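Undergrad: Here it is, the structure, as structure tokens.
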Amino acid sequence: MNLVIFVTAASRKEADKIASVLIKEKLAACVNIIKNVHSLFWWQGKVDSAKEALLVIKSRKALMNKLIKKIKSLHSYEVPEIIALPIVCGDRKYLKWINESTR
């Protein structure tokens, strides 16, 4: 099963580092980075906010445990956002490319 994984990072630099490693290690077929994301969230009992970068990662469910471990090893947050959504349909060639581009 193919997935889209969302990860927020503290900066564009951190997002670039994470994305580069995921691509080089073939844990992801593609990573889009969206900068200047304004996030509001609960943290340690109060509402907080941050300017972040959002990584949109395309990969496979079979690699999710490795992805989580790798992202946590590179991430500055104590509890990074790492969530995955299944790709329920899409262009067959693109989905095949995700599978062929990851290991």
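Letters A, B, ... go to the chains of the structure tokens in the order shown; residues in each chain start at 1; ligands are counted from 1 in the same order.
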So that I can check the surroundings of Glu52 of chain A, please list as a list in words every protein, DNA and RNA residue that reaches within 10 Å of it, counting only C-alpha atoms and ignoring chain neighbours fewer than 5 positions away.
TA: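 Those residues are Val7, Thr8, Ala9, Ala10, Ser11, Arg12, Glu14, Ala15, Ile34, Lys35, Asn36, Val37, His38 and Ser39 of chain A.
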Undergrad: Let me see the file: selected residues, C-alpha atoms, as a compact mmCIF listing (two decimals), in the first residue's frame.
TA:
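See part_37.txt below for the written result:
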# COMPACT_ATOMS: atom_id res chain seq x y z
CA VAL A 7 5.89 15.60 8.95
CA THR A 8 6.33 19.12 10.29
CA ALA A 9 9.85 20.41 10.90
CA ALA A 10 11.18 23.37 12.89
CA SER A 11 12.80 24.99 9.82
CA ARG A 12 13.33 24.67 6.10
CA GLU A 14 15.72 20.72 9.03
CA ALA A 15 13.08 19.74 6.45
CA ILE A 34 6.10 23.55 2.01
CA LYS A 35 7.70 26.41 3.92
CA ASN A 36 6.08 29.05 6.13
CA VAL A 37 3.40 26.82 7.63
CA HIS A 38 1.84 28.46 10.69
CA SER A 39 0.85 25.80 13.23
Undergrad: In segment 44-84 of chain A, what's strand (DSSP E or B) per DSSP? Answer as a list in words?
TA: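 Output for segment 44-84 of chain A, strand (DSSP E or B) only: Lys46, Val47, Asp48, Ser49, Ala50, Lys51, Glu52, Ala53, Leu54, Leu55, Val56, Ile57, Lys58, Ser59, Arg60, Ile82, Ile83 and Ala84 of chain A.
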Undergrad: Could you write those residues out with C-alpha atoms, as a PDB file, in the first residue's frame?
TA:
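Okay, again.pdb is ready:
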ATOM      1  CA  LYS A  46      -1.194  25.167  26.806  1.00  0.00           C
ATOM      2  CA  VAL A  47      -1.818  26.452  23.315  1.00  0.00           C
ATOM      3  CA  ASP A  48       1.396  27.118  21.421  1.00  0.00           C
ATOM      4  CA  SER A  49       2.252  28.168  17.885  1.00  0.00           C
ATOM      5  CA  ALA A  50       5.201  27.806  15.552  1.00  0.00           C
ATOM      6  CA  LYS A  51       6.372  28.676  12.078  1.00  0.00           C
ATOM      7  CA  GLU A  52       7.274  25.351  10.493  1.00  0.00           C
ATOM      8  CA  ALA A  53       8.003  23.583   7.228  1.00  0.00           C
ATOM      9  CA  LEU A  54       5.750  20.716   6.143  1.00  0.00           C
ATOM     10  CA  LEU A  55       7.126  17.623   4.443  1.00  0.00           C
ATOM     11  CA  VAL A  56       4.718  15.675   2.231  1.00  0.00           C
ATOM     12  CA  ILE A  57       6.338  12.286   1.738  1.00  0.00           C
ATOM     13  CA  LYS A  58       5.306   9.584  -0.736  1.00  0.00           C
ATOM     14  CA  SER A  59       6.307   6.073   0.264  1.00  0.00           C
ATOM     15  CA  ARG A  60       5.032   2.578   1.083  1.00  0.00           C
ATOM     16  CA  ILE A  82       4.639  11.776  11.734  1.00  0.00           C
ATOM     17  CA  ILE A  83       1.270  10.715  10.354  1.00  0.00           C
ATOM     18  CA  ALA A  84       0.365   8.648   7.308  1.00  0.00           C
TER      19      ALA A  84
END
Undergrad: Distance atom CA of Leu22 of chain A-atom CA of Leu67 of chain A, one decimal place?
TA: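 Between atom CA of Leu22 of chain A and atom CA of Leu67 of chain A the gap is 7.5 Å.
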Undergrad: If we count only C-alpha atoms and set the cut-off at 8 Å, which residues sit around His75 of chain A, ignoring sequence neighbours fewer than 2 positions away in its own chain? Please answer as a PyMOL selection string.
TA: chain A and resi 9+14+18+71-73+77+80
Undergrad: For Glu78 of chain A, which residue out of A:Gln44, A:Thr102, A:Lys17, A:Asp91 is the nearest one, using only C-alpha atoms?
TA: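 Under the stated criterion, the closest residue is A:Gln44.
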Undergrad: Please report the interatomic distance between atom CA of Val21 of chain A and atom CA of Leu95 of chain A in Å with one decimal.
TA: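 According to the coordinates, atom CA of Val21 of chain A and atom CA of Leu95 of chain A are separated by 21.3 Å.
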Undergrad: Where in chain A does DSSP assign alpha helix (DSSP H), given as a PyMOL selection string?
TA: chain A and resi 12-24+64-74+92-101
Undergrad: Given only C-alpha atoms as the basis, pick out the residue of A:Ile87, A:Leu27, A:Ile98, A:Trp43 nearest to Met64 of chain A.
TA: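 Going through A:Ile87, A:Leu27, A:Ile98, A:Trp43 one by one, the smallest distance to Met64 of chain A is for A:Leu27.
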Undergrad: In terms of the shortest atom-to-atom distance over only C-alpha atoms, which of A:Leu40, A:Ser101, A:Val31, A:Tyr94 is closest to Ala19 of chain A?
TA: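 Counting only C-alpha atoms, the residue closest to Ala19 of chain A is A:Val31.
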Undergrad: With only C-alpha atoms as the basis for distance, which of A:Leu3, A:Ile23, A:Glu81, A:Trp42 is at the shortest distance from Ile68 of chain A?
TA: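 Between A:Leu3, A:Ile23, A:Glu81, A:Trp42, the residue approaching Ile68 of chain A most closely is A:Glu81.
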Undergrad: Can you measure atom CA of Ile33 of chain A to atom CA of Lys93 of chain A for me? One decimal in Å is fine.
TA: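 So the two atoms, atom CA of Ile33 of chain A and atom CA of Lys93 of chain A, lie 22.7 Å apart.
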